[in-house]
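**Student:** Here you go, one structure.
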Amino acid sequence: MTFSWKIPPWERHEDCTFLAVTLMEQGGNGHCGFSTEAVRGDDAIEALADLLMTPRSLLRLVPSPPTLIGVVVRRGIDVMWMAQPPLQVVRDDRGRWQVTPADASDLTVFSPTEISGMVSRLQSQYGRAG
């Protein structure tokens, strides 16, 4: 698959327009930790690509570590979201992680499977990050 952008988001010289929240299981006891980062792009997919291909990304070396719960991409930069994203992250009755945002406007939740697929496509077309 080819991407429709003319310049990949991680190579652009522009301000960030999205926040990406990487959710990881911590300690195997059902607790969740997160990391937030401002990313570039025109939509959520481009923002995820920027996160995945930026050398400082947590997902750079291992795109789908076993502790990865998912990535939530939100349009706009909000300092409160960076400090404490209003997300509820719990396991359902089948043991799968469920991510529920307090405010669902302009949010996209990417699963580990979707992230792995994106990493494969990006690496196929652009090589490894960084």
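We label chains A, B, ... in the order they appear in the structure tokens, count residues from 1 in each chain, and number ligands from 1 in the order shown.
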Can you list, as a ChimeraX atom specification, every residue of chain A that DSSP puts in strand (DSSP E)?
**Tutor:** /A:18-26,31-39,68-75,87-91,97-101,107-110
**Student:** For the selection just defined, write its residues with N, CA and C atoms to a file, as a compact mmCIF listing (two decimals), in the first residue's frame.
**Tutor:**
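Result saved to result-v6.txt:
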```txt
# COMPACT_ATOMS: atom_id res chain seq x y z
N PHE A 18 -1.91 17.25 16.70
CA PHE A 18 -2.56 16.13 17.38
C PHE A 18 -1.78 15.74 18.63
N LEU A 19 -2.47 15.07 19.54
CA LEU A 19 -1.83 14.41 20.67
C LEU A 19 -1.96 12.91 20.47
N ALA A 20 -0.92 12.18 20.78
CA ALA A 20 -0.97 10.72 20.76
C ALA A 20 -0.71 10.23 22.17
N VAL A 21 -1.60 9.39 22.67
CA VAL A 21 -1.47 8.80 24.00
C VAL A 21 -1.20 7.32 23.80
N THR A 22 0.00 6.89 24.18
CA THR A 22 0.36 5.48 24.10
C THR A 22 0.03 4.83 25.43
N LEU A 23 -0.81 3.80 25.40
CA LEU A 23 -1.26 3.11 26.61
C LEU A 23 -0.55 1.76 26.71
N MET A 24 0.06 1.52 27.87
CA MET A 24 0.80 0.27 28.09
C MET A 24 0.36 -0.34 29.43
N GLU A 25 0.25 -1.67 29.43
CA GLU A 25 -0.02 -2.37 30.68
C GLU A 25 1.24 -2.32 31.53
N GLN A 26 1.06 -2.11 32.83
CA GLN A 26 2.22 -2.04 33.73
C GLN A 26 2.11 -3.09 34.82
N HIS A 31 -2.99 -2.74 35.73
CA HIS A 31 -2.79 -1.30 35.76
C HIS A 31 -2.26 -0.82 34.42
N CYS A 32 -2.60 0.41 34.12
CA CYS A 32 -2.25 0.99 32.84
C CYS A 32 -1.43 2.25 33.05
N GLY A 33 -0.39 2.41 32.25
CA GLY A 33 0.40 3.63 32.24
C GLY A 33 0.28 4.27 30.86
N PHE A 34 0.68 5.50 30.76
CA PHE A 34 0.56 6.17 29.48
C PHE A 34 1.72 7.13 29.27
N SER A 35 1.89 7.46 28.01
CA SER A 35 2.85 8.47 27.60
C SER A 35 2.16 9.30 26.53
N THR A 36 2.31 10.61 26.61
CA THR A 36 1.68 11.47 25.60
C THR A 36 2.74 12.20 24.81
N GLU A 37 2.40 12.49 23.58
CA GLU A 37 3.33 13.17 22.70
C GLU A 37 2.54 13.98 21.67
N ALA A 38 3.02 15.16 21.37
CA ALA A 38 2.43 15.96 20.30
C ALA A 38 2.98 15.45 18.97
N VAL A 39 2.09 15.28 18.00
CA VAL A 39 2.48 14.74 16.69
C VAL A 39 1.87 15.58 15.57
N LEU A 68 1.51 -3.45 25.06
CA LEU A 68 0.81 -2.37 24.38
C LEU A 68 -0.70 -2.58 24.43
N ILE A 69 -1.41 -1.60 24.90
CA ILE A 69 -2.87 -1.63 24.93
C ILE A 69 -3.42 -0.94 23.69
N GLY A 70 -2.80 0.16 23.30
CA GLY A 70 -3.24 0.89 22.13
C GLY A 70 -2.73 2.31 22.12
N VAL A 71 -3.10 3.04 21.10
CA VAL A 71 -2.75 4.45 20.98
C VAL A 71 -4.04 5.21 20.69
N VAL A 72 -4.25 6.28 21.46
CA VAL A 72 -5.38 7.17 21.23
C VAL A 72 -4.83 8.45 20.61
N VAL A 73 -5.40 8.85 19.48
CA VAL A 73 -4.98 10.07 18.80
C VAL A 73 -6.12 11.08 18.92
N ARG A 74 -5.77 12.28 19.37
CA ARG A 74 -6.75 13.35 19.58
C ARG A 74 -6.33 14.58 18.80
N ARG A 75 -7.28 15.18 18.08
CA ARG A 75 -7.00 16.43 17.36
C ARG A 75 -6.86 17.55 18.38
N LEU A 87 -9.26 9.13 30.00
CA LEU A 87 -9.56 7.85 29.38
C LEU A 87 -9.80 6.81 30.47
N GLN A 88 -10.79 5.97 30.27
CA GLN A 88 -11.00 4.84 31.15
C GLN A 88 -10.48 3.62 30.42
N VAL A 89 -9.57 2.90 31.06
CA VAL A 89 -8.96 1.72 30.45
C VAL A 89 -9.17 0.55 31.40
N VAL A 90 -9.99 -0.41 30.98
CA VAL A 90 -10.31 -1.58 31.82
C VAL A 90 -10.33 -2.83 30.96
N ARG A 91 -10.22 -3.96 31.61
CA ARG A 91 -10.37 -5.24 30.91
C ARG A 91 -11.85 -5.63 30.92
N TRP A 97 -8.54 -5.49 26.65
CA TRP A 97 -8.53 -4.10 27.09
C TRP A 97 -9.59 -3.30 26.33
N GLN A 98 -10.31 -2.47 27.06
CA GLN A 98 -11.29 -1.57 26.49
C GLN A 98 -10.89 -0.14 26.86
N VAL A 99 -10.79 0.72 25.86
CA VAL A 99 -10.42 2.12 26.07
C VAL A 99 -11.65 2.96 25.80
N THR A 100 -12.07 3.69 26.82
CA THR A 100 -13.25 4.53 26.70
C THR A 100 -12.88 5.97 27.05
N PRO A 101 -12.97 6.87 26.08
CA PRO A 101 -12.67 8.27 26.37
C PRO A 101 -13.85 8.96 27.06
N LEU A 107 -11.46 11.87 18.45
CA LEU A 107 -10.54 10.85 18.96
C LEU A 107 -10.57 9.63 18.06
N THR A 108 -9.41 8.99 17.92
CA THR A 108 -9.32 7.71 17.22
C THR A 108 -8.50 6.79 18.10
N VAL A 109 -9.01 5.59 18.35
CA VAL A 109 -8.30 4.59 19.15
C VAL A 109 -7.76 3.53 18.20
N PHE A 110 -6.44 3.31 18.24
CA PHE A 110 -5.79 2.30 17.41
C PHE A 110 -5.41 1.12 18.29
```
**Student:** In chain A, what's helix (DSSP H, G or I) per DSSP? Answer as a PyMOL selection string?
**Tutor:** chain A and resi 9-11+44-53+79-83+112-126
**Student:** For the residues in the current selection, export C-alpha atoms as a PDB file, in the first residue's frame.
**Tutor:**
```pdb
ATOM      1  CA  PRO A   9       4.410  13.789   8.497  1.00  0.00           C
ATOM      2  CA  TRP A  10       7.689  13.000  10.314  1.00  0.00           C
ATOM      3  CA  GLU A  11       9.621  14.967   7.669  1.00  0.00           C
ATOM      4  CA  ALA A  44      -5.376  10.567  12.796  1.00  0.00           C
ATOM      5  CA  ILE A  45      -3.592   8.098  10.475  1.00  0.00           C
ATOM      6  CA  GLU A  46      -0.910  10.635   9.576  1.00  0.00           C
ATOM      7  CA  ALA A  47      -0.551  11.494  13.272  1.00  0.00           C
ATOM      8  CA  LEU A  48      -0.051   7.798  14.103  1.00  0.00           C
ATOM      9  CA  ALA A  49       2.528   7.523  11.303  1.00  0.00           C
ATOM     10  CA  ASP A  50       4.386  10.507  12.749  1.00  0.00           C
ATOM     11  CA  LEU A  51       4.392   8.849  16.181  1.00  0.00           C
ATOM     12  CA  LEU A  52       5.635   5.546  14.775  1.00  0.00           C
ATOM     13  CA  MET A  53       8.375   6.985  12.578  1.00  0.00           C
ATOM     14  CA  VAL A  79      -1.965  20.502  28.211  1.00  0.00           C
ATOM     15  CA  MET A  80      -4.542  18.904  30.520  1.00  0.00           C
ATOM     16  CA  TRP A  81      -4.811  15.931  28.167  1.00  0.00           C
ATOM     17  CA  MET A  82      -1.038  15.617  28.112  1.00  0.00           C
ATOM     18  CA  ALA A  83      -0.880  15.514  31.903  1.00  0.00           C
ATOM     19  CA  PRO A 112      -2.099  -3.158  18.753  1.00  0.00           C
ATOM     20  CA  THR A 113      -3.088  -5.047  15.585  1.00  0.00           C
ATOM     21  CA  GLU A 114      -3.760  -1.821  13.679  1.00  0.00           C
ATOM     22  CA  ILE A 115      -0.488  -0.350  14.945  1.00  0.00           C
ATOM     23  CA  SER A 116       1.518  -3.414  13.870  1.00  0.00           C
ATOM     24  CA  GLY A 117      -0.085  -3.265  10.435  1.00  0.00           C
ATOM     25  CA  MET A 118       0.782   0.423  10.096  1.00  0.00           C
ATOM     26  CA  VAL A 119       4.383  -0.228  11.160  1.00  0.00           C
ATOM     27  CA  SER A 120       4.707  -2.988   8.551  1.00  0.00           C
ATOM     28  CA  ARG A 121       3.355  -0.735   5.800  1.00  0.00           C
ATOM     29  CA  LEU A 122       5.567   2.183   6.841  1.00  0.00           C
ATOM     30  CA  GLN A 123       8.702   0.037   7.052  1.00  0.00           C
ATOM     31  CA  SER A 124       7.926  -1.548   3.688  1.00  0.00           C
ATOM     32  CA  GLN A 125       7.709   1.835   2.009  1.00  0.00           C
ATOM     33  CA  TYR A 126      10.156   3.952   4.059  1.00  0.00           C
TER      34      TYR A 126
END
```
**Student:** Taking into account only C-alpha atoms, which residue in the set A:Gly127, A:Pro86, A:Pro8, A:Gly27 is nearest to Thr67 in chain A?
**Tutor:**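 Selected residue with least distance to Thr67 in chain A: A:Gly27.
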**Student:** Taking into account only C-alpha atoms, which residue in the set A:Pro66, A:Asp42, A:Pro55, A:Ser111 is nearest to Asp15 in chain A?
**Tutor:**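 Checking each candidate against Asp15 in chain A, we get A:Asp42 as the closest.
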**Student:** How many Å separate CA of Arg12 in chain A from CA of Asp106 in chain A?
**Tutor:** 22.1 Å
**Student:** Looking at only C-alpha atoms, which of A:Arg56, A:Cys16, A:Arg96, A:Ile77 is the one that sits closest to Gly41 in chain A?
**Tutor:**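 Using only C-alpha atoms, the shortest distance to Gly41 in chain A belongs to A:Cys16.
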**Student:** In Å, rounded to a single decimal, give me how far CA of Thr54 in chain A is from CA of Arg40 in chain A.
**Tutor:**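 Rounded to one decimal, the two atoms are 10.3 Å apart.
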**Student:** Using only C-alpha atoms, which residue out of A:Ser4, A:Ser57, A:Ser105, A:Asn29 lies closest to Gly76 in chain A?
**Tutor:** A:Ser105
